[in-house]
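A.B. asks: This one is input24.cif, mmCIF, C-alpha atoms.
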data_work
#
loop_
_atom_site.label_atom_id
_atom_site.label_comp_id
_atom_site.auth_asym_id
_atom_site.auth_seq_id
_atom_site.Cartn_x
_atom_site.Cartn_y
_atom_site.Cartn_z
CA MET A 1 80.68 0.87 157.54
CA THR A 2 83.28 3.40 156.39
CA LEU A 3 83.17 5.89 153.60
CA SER A 4 85.18 5.15 150.51
CA PRO A 5 88.46 7.07 150.13
CA ARG A 6 86.90 9.18 147.37
CA ILE A 7 83.94 10.25 149.50
CA GLU A 8 86.16 10.87 152.51
CA SER A 9 88.26 13.23 150.40
CA VAL A 10 85.14 15.08 149.23
CA ARG A 11 83.81 15.73 152.70
CA ARG A 12 85.61 18.64 154.31
CA PRO A 13 83.92 19.27 157.65
CA ASP A 14 83.78 22.94 158.55
CA ARG A 15 83.56 22.73 162.31
CA VAL A 16 84.11 26.45 162.70
CA ALA A 17 81.08 27.16 160.50
CA GLY A 18 79.02 24.63 162.43
CA ALA A 19 80.04 26.21 165.72
CA LEU A 20 79.22 29.72 164.48
CA ALA A 21 75.75 28.75 163.28
CA GLY A 22 75.07 26.62 166.35
CA GLY A 23 76.24 29.43 168.63
CA PHE A 24 73.86 31.81 166.87
CA VAL A 25 70.88 29.49 167.44
CA VAL A 26 71.69 28.91 171.11
CA LEU A 27 72.39 32.57 171.86
CA LEU A 28 69.30 33.81 170.04
CA LEU A 29 67.04 31.36 171.84
CA ALA A 30 68.58 32.31 175.17
CA THR A 31 68.06 36.03 174.64
CA GLU A 32 64.54 35.75 173.19
CA LEU A 33 63.05 33.43 175.79
CA VAL A 34 64.13 35.09 179.02
CA LEU A 35 62.05 38.28 178.73
CA SER A 36 58.92 39.33 176.86
CA LEU A 37 59.03 42.94 175.71
CA PRO A 38 56.02 45.27 175.29
CA ASP A 39 54.43 45.29 171.84
CA GLU A 40 53.52 48.25 169.67
CA ALA A 41 49.96 48.44 171.06
CA ASP A 42 51.10 49.18 174.61
CA SER A 43 50.90 52.74 175.93
CA PRO A 44 54.00 54.96 176.08
CA VAL A 45 53.67 55.10 179.87
CA PHE A 46 53.73 51.32 180.17
CA VAL A 47 56.62 51.03 177.71
CA ALA A 48 58.71 53.68 179.48
CA ASN A 49 58.08 52.15 182.91
CA PHE A 50 58.83 48.62 181.71
CA TYR A 51 62.08 49.53 180.00
CA ALA A 52 63.22 51.75 182.86
CA ALA A 53 62.57 48.95 185.36
CA HIS A 54 64.53 46.40 183.30
CA ARG A 55 66.99 48.75 181.61
CA THR A 56 70.28 47.02 182.46
CA PHE A 57 68.95 43.53 181.73
CA ILE A 58 67.45 44.61 178.40
CA ILE A 59 70.68 46.34 177.34
CA ILE A 60 72.67 43.19 178.15
CA LEU A 61 70.21 41.05 176.17
CA GLN A 62 70.41 43.34 173.15
CA ILE A 63 74.21 43.34 173.20
CA LEU A 64 74.09 39.54 173.24
CA GLY A 65 71.61 39.74 170.36
CA LEU A 66 74.09 41.84 168.40
CA VAL A 67 76.74 39.21 169.11
CA ALA A 68 74.33 36.57 167.77
CA ALA A 69 73.90 38.60 164.57
CA ALA A 70 77.70 38.81 164.27
CA LEU A 71 77.94 35.01 164.59
CA LEU A 72 75.31 34.64 161.85
CA GLY A 73 77.23 37.03 159.62
CA ALA A 74 80.46 35.11 160.22
CA TYR A 75 78.70 31.86 159.32
CA ALA A 76 77.36 33.44 156.14
CA TRP A 77 80.89 34.56 155.26
CA ARG A 78 82.15 30.99 155.55
CA LEU A 79 79.37 29.85 153.20
CA ARG A 80 81.14 31.70 150.36
CA SER A 81 83.01 28.45 149.64
CA VAL A 82 79.65 26.71 149.20
CA ASP A 83 77.81 29.37 147.20
CA LEU A 84 78.57 33.08 146.85
CA VAL A 85 74.93 34.08 146.37
CA VAL A 86 73.86 32.25 149.53
CA ALA A 87 76.76 33.80 151.43
CA ALA A 88 75.85 37.30 150.25
CA ALA A 89 72.19 36.78 151.12
CA GLY A 90 73.22 35.51 154.54
CA MET A 91 75.34 38.56 155.25
CA ILE A 92 72.48 40.82 154.17
CA MET A 93 70.19 38.89 156.53
CA ALA A 94 72.67 39.29 159.39
CA GLY A 95 72.75 43.03 158.75
CA CYS A 96 68.96 43.16 158.76
CA GLY A 97 69.01 41.28 162.06
CA LEU A 98 70.80 44.20 163.72
CA VAL A 99 67.88 46.58 163.21
CA PRO A 100 65.32 45.22 165.74
CA GLY A 101 67.99 44.94 168.42
CA PHE A 102 69.17 48.48 167.76
CA ILE A 103 65.63 49.84 168.13
CA THR A 104 65.11 47.95 171.39
CA LEU A 105 68.47 49.20 172.65
CA VAL A 106 67.49 52.80 171.91
CA ILE A 107 64.19 52.36 173.79
CA ALA A 108 66.06 51.03 176.82
CA ILE A 109 68.41 54.02 176.75
CA VAL A 110 65.76 56.76 176.30
CA ALA A 111 63.07 55.22 178.55
CA ASP A 112 62.06 57.76 181.21
CA PRO A 113 58.80 57.29 183.17
CA SER A 114 58.58 61.06 183.68
CA GLN A 115 58.78 61.65 179.91
CA PRO A 116 57.39 58.51 178.23
CA ALA A 117 56.86 59.97 174.75
CA PRO A 118 60.33 59.16 173.28
CA ALA A 119 60.12 55.53 174.39
CA GLY A 120 56.61 55.33 172.96
CA ARG A 121 57.71 56.74 169.61
CA TRP A 122 60.62 54.29 169.31
CA ASN A 123 58.39 51.41 170.39
CA LEU A 124 56.12 52.14 167.42
CA ARG A 125 59.15 51.54 165.19
CA GLU A 126 59.63 47.98 166.47
CA PRO A 127 57.36 46.47 163.76
CA PHE A 128 59.44 48.27 161.12
CA GLY A 129 62.56 46.62 162.52
CA ASP A 130 60.84 43.24 162.37
CA ASP A 131 59.83 43.92 158.75
CA ILE A 132 63.47 44.51 157.80
CA LEU A 133 64.53 41.34 159.62
CA PHE A 134 61.96 39.21 157.82
CA VAL A 135 62.91 40.69 154.45
CA GLY A 136 66.42 39.47 155.20
CA ILE A 137 65.22 36.01 156.24
CA VAL A 138 63.06 35.64 153.12
CA THR A 139 66.00 36.71 150.95
CA PHE A 140 68.35 34.18 152.55
CA ALA A 141 65.87 31.28 152.64
CA SER A 142 64.95 31.90 148.99
CA ALA A 143 68.64 31.89 148.02
CA VAL A 144 69.19 28.59 149.83
CA ALA A 145 66.12 27.04 148.20
CA VAL A 146 67.07 28.15 144.68
CA ARG A 147 70.85 27.79 144.79
CA LEU A 148 71.23 24.70 146.98
CA GLY A 149 67.87 22.95 146.50
CA ARG A 150 68.96 20.82 143.55
CA ARG A 151 72.03 19.46 145.32
CA PHE A 152 70.34 19.14 148.71
CA PRO A 153 66.61 18.57 148.04
CA ALA A 154 65.53 18.23 151.68
CA LEU A 155 67.35 21.44 152.59
CA GLY A 156 65.77 23.15 149.60
CA VAL A 157 62.27 22.14 150.70
CA LEU A 158 62.92 23.33 154.25
CA ALA A 159 64.30 26.66 153.01
CA ALA A 160 61.32 27.13 150.68
CA LEU A 161 58.92 26.55 153.58
CA VAL A 162 60.81 29.08 155.69
CA ALA A 163 60.62 31.63 152.87
CA VAL A 164 56.86 31.08 152.46
CA PHE A 165 56.09 31.19 156.19
CA CYS A 166 58.14 34.33 156.77
CA LEU A 167 56.86 36.05 153.63
CA ILE A 168 53.24 35.48 154.65
CA ARG A 169 54.01 36.73 158.16
CA LEU A 170 55.69 39.82 156.70
CA VAL A 171 52.72 40.57 154.45
CA LEU A 172 50.25 40.12 157.31
CA GLN A 173 52.25 42.44 159.54
CA ILE A 174 52.52 45.13 156.87
CA ALA A 175 48.78 44.82 156.23
CA GLY A 176 48.06 45.14 159.94
CA SER A 177 46.32 41.76 160.04
CA ASP A 178 46.49 39.15 162.78
CA ARG A 179 49.63 37.07 162.26
CA GLY A 180 48.24 34.16 164.26
CA PRO A 181 50.43 31.04 164.51
CA LEU A 182 52.81 32.42 161.87
CA ASP A 183 54.12 34.84 164.49
CA ALA A 184 55.86 31.86 166.07
CA ILE A 185 56.10 29.45 163.12
CA GLY A 186 58.09 31.85 160.92
CA PRO A 187 60.96 32.54 163.37
CA LEU A 188 61.00 28.93 164.61
CA SER A 189 61.25 27.51 161.10
CA PHE A 190 64.13 29.90 160.40
CA LEU A 191 66.01 28.70 163.49
CA ILE A 192 65.45 25.10 162.40
CA LEU A 193 66.90 25.95 158.98
CA ILE A 194 70.04 27.46 160.51
CA ALA A 195 70.39 24.52 162.93
CA VAL A 196 70.15 22.04 160.05
CA MET A 197 72.69 24.00 158.02
CA ALA A 198 74.98 24.09 161.06
CA VAL A 199 74.94 20.29 161.25
CA LEU A 200 75.48 19.91 157.50
CA SER A 201 78.44 22.31 157.60
CA TYR A 202 79.92 20.57 160.64
CA LEU A 203 79.69 17.18 158.92
CA GLY A 204 81.09 18.47 155.64
CA ILE A 205 77.90 17.66 153.72
CA LEU A 206 77.24 21.30 152.85
CA ARG A 207 80.08 21.92 150.41
CA ALA A 208 80.99 23.52 147.11
CA ALA A 209 79.49 21.96 143.97
CA SER A 210 82.98 21.40 142.55
CA ASP A 211 83.74 19.04 145.44
CA ASP A 212 80.99 16.69 144.28
CA HIS A 213 83.08 15.79 141.23
CA GLU A 214 86.37 15.09 142.97
#
Any chance you could give the structure as structure tokens?

C.D. replies:
Amino acid sequence: MTLSPRIESVRRPDRVAGALAGGFVVLLLATELVLSLPDEADSPVFVANFYAAHRTFIIILQILGLVAAALLGAYAWRLRSVDLVVAAAGMIMAGCGLVPGFITLVIAIVADPSQPAPAGRWNLREPFGDDILFVGIVTFASAVAVRLGRRFPALGVLAALVAVFCLIRLVLQIAGSDRGPLDAIGPLSFLILIAVMAVLSYLGILRAASDDHE
């Protein structure tokens, strides 16, 4: 079964956008799964020793993480043809995504087992970086749900769930409460959202509202 000429003319696959978003998902998963970093509850001595022992590897991972954020920002820029508000929210989110990686990069640079205090102080700022990241994710997911939900109901529902999951996780972290399963569900749901949007962009389904009337 083939699409009618009218529908074929409406669909304008953005393979570059799909590749950017897909590259972000793959690169982020690769960098996040290969090494578990200390959390804020660990002692400065442990943090300094850990980062010093894995310094080069951690720096490489964080640089790749910054590349992933750049890919996400580039994808958001391409979404301006779909919706300017969503594109702006996406670029804000990409900017927020730089903060946790920057903090981790600083820890790797200053880590010194003989003087662990600086690494310990920066490690205590890691939750703050995560807070900024999740503010960005909630902003973007909310924009997708509100701006694109009517045209793409399933995408709107998924984006709304991402916004709720990540907002609850953010509130729990700020309150100092146990984040439980949301510690994994929030980021995972966000990656699923980006992966779905990557496919929709690649297929030309995610498009400007004006194209629906051509």

A.B. asks: Contacts of Ala88 in chain A at 9 Å or less, counting all atoms listed in the file, minus same-chain residues fewer than 3 places along, as an mmCIF file with C-alpha atoms, keeping the file's coordinate frame?

C.D. replies:
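Contents of result-v1.cif, freshly written:
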data_model
loop_
_atom_site.group_PDB
_atom_site.id
_atom_site.type_symbol
_atom_site.label_atom_id
_atom_site.label_comp_id
_atom_site.auth_asym_id
_atom_site.auth_seq_id
_atom_site.Cartn_x
_atom_site.Cartn_y
_atom_site.Cartn_z
ATOM 1 C CA ALA A 76 77.360 33.440 156.140
ATOM 2 C CA TRP A 77 80.890 34.560 155.260
ATOM 3 C CA LEU A 79 79.370 29.850 153.200
ATOM 4 C CA ARG A 80 81.140 31.700 150.360
ATOM 5 C CA ASP A 83 77.810 29.370 147.200
ATOM 6 C CA LEU A 84 78.570 33.080 146.850
ATOM 7 C CA VAL A 85 74.930 34.080 146.370
ATOM 8 C CA MET A 91 75.340 38.560 155.250
ATOM 9 C CA ILE A 92 72.480 40.820 154.170
ATOM 10 C CA MET A 93 70.190 38.890 156.530
ATOM 11 C CA PHE A 140 68.350 34.180 152.550
#

A.B. asks: If we count all atoms listed in the file and set the cut-off at 12 Å, which residues sit around Ile192 in chain A, ignoring sequence neighbours fewer than 5 positions away in its own chain? Please answer as number ranges by chain.

C.D. replies: A: 21-22, 24-26, 29, 141, 155, 158-159, 161-162, 185-187, 197-199

A.B. asks: So that I can see what lies close to Ala69 in chain A, please list as an MDAnalysis selection string the residues with an atom at most 12 Å from it, counting only C-alpha atoms and leaving out residues fewer than 2 positions away in the same chain.

C.D. replies: chainID A and resid 20:21 23:28 31 62:67 71:76 90:102 133

A.B. asks: CA of Arg207 in chain A to CA of Leu188 in chain A: how many Å, to one decimal?

C.D. replies: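 Pair CA of Arg207 in chain A / CA of Leu188 in chain A returns 24.8 Å.
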
A.B. asks: Could you jot down the CA of Ala119 in chain A to CA of Ala48 in chain A separation for me, Å, one decimal place?

C.D. replies: 5.6 Å

A.B. asks: How many Å separate CA of Arg125 in chain A from CA of Leu172 in chain A?

C.D. replies: 16.5 Å

A.B. asks: For range 33-65 of chain A against range 110-118 of chain A, with a cut-off of 6 Å and counting all atoms listed in the file, what is the closest atom pair and its distance in Å to one decimal for every residue that makes the cut, ordered by chain and number, as a tab-separated table?

C.D. replies:
residue	atom	partner	partner_atom	distance
A:Pro44	CA	A:Pro116	CA	5.4
A:Val45	CA	A:Pro116	CA	5.3
A:Ala48	CA	A:Ala111	CA	4.7
A:Asn49	CA	A:Pro113	CA	5.2
A:Tyr51	CA	A:Ala111	CA	6.0
A:Ala52	CA	A:Ala111	CA	5.5

A.B. asks: What residues come out when you apply the PyMOL selection byres ((chain A and resi 14) around 6) to this file, written as a VMD selection string?

C.D. replies: chain A and resid 13 15 to 17 201 to 202 204

A.B. asks: For Val171 in chain A, which of A:Val138, A:Val86, A:Val157, A:Ala145 is the closest residue, counting all atoms listed in the file?

C.D. replies: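 The closest residue to Val171 in chain A is A:Val138.
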
A.B. asks: Given the choices A:Ala154, A:Gly176, A:Ile107, A:Gly149, which gets closest to Glu126 in chain A if the distance is worked out from all atoms listed in the file?

C.D. replies: A:Ile107

A.B. asks: Near Ile59 in chain A, within 9 Å and counting all atoms listed in the file, which residues show up once chain neighbours fewer than 2 positions away are dropped, as a ChimeraX atom specification?

C.D. replies: /A:54-57,61-64,104-105,108-109

A.B. asks: Do you know which residues are at most 9 Å from Ala41 in chain A counting all atoms listed in the file, after dropping those on the same chain fewer than 3 positions away, and could you put them as a ChimeraX atom specification?

C.D. replies: /A:38,123-124

A.B. asks: Restricting the calculation to only C-alpha atoms: of A:Glu32, A:Arg121, A:Ile58, A:Val135, which residue gets closest to Ala184 in chain A?

C.D. replies: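 Of all the options, A:Glu32 lies closest to Ala184 in chain A.
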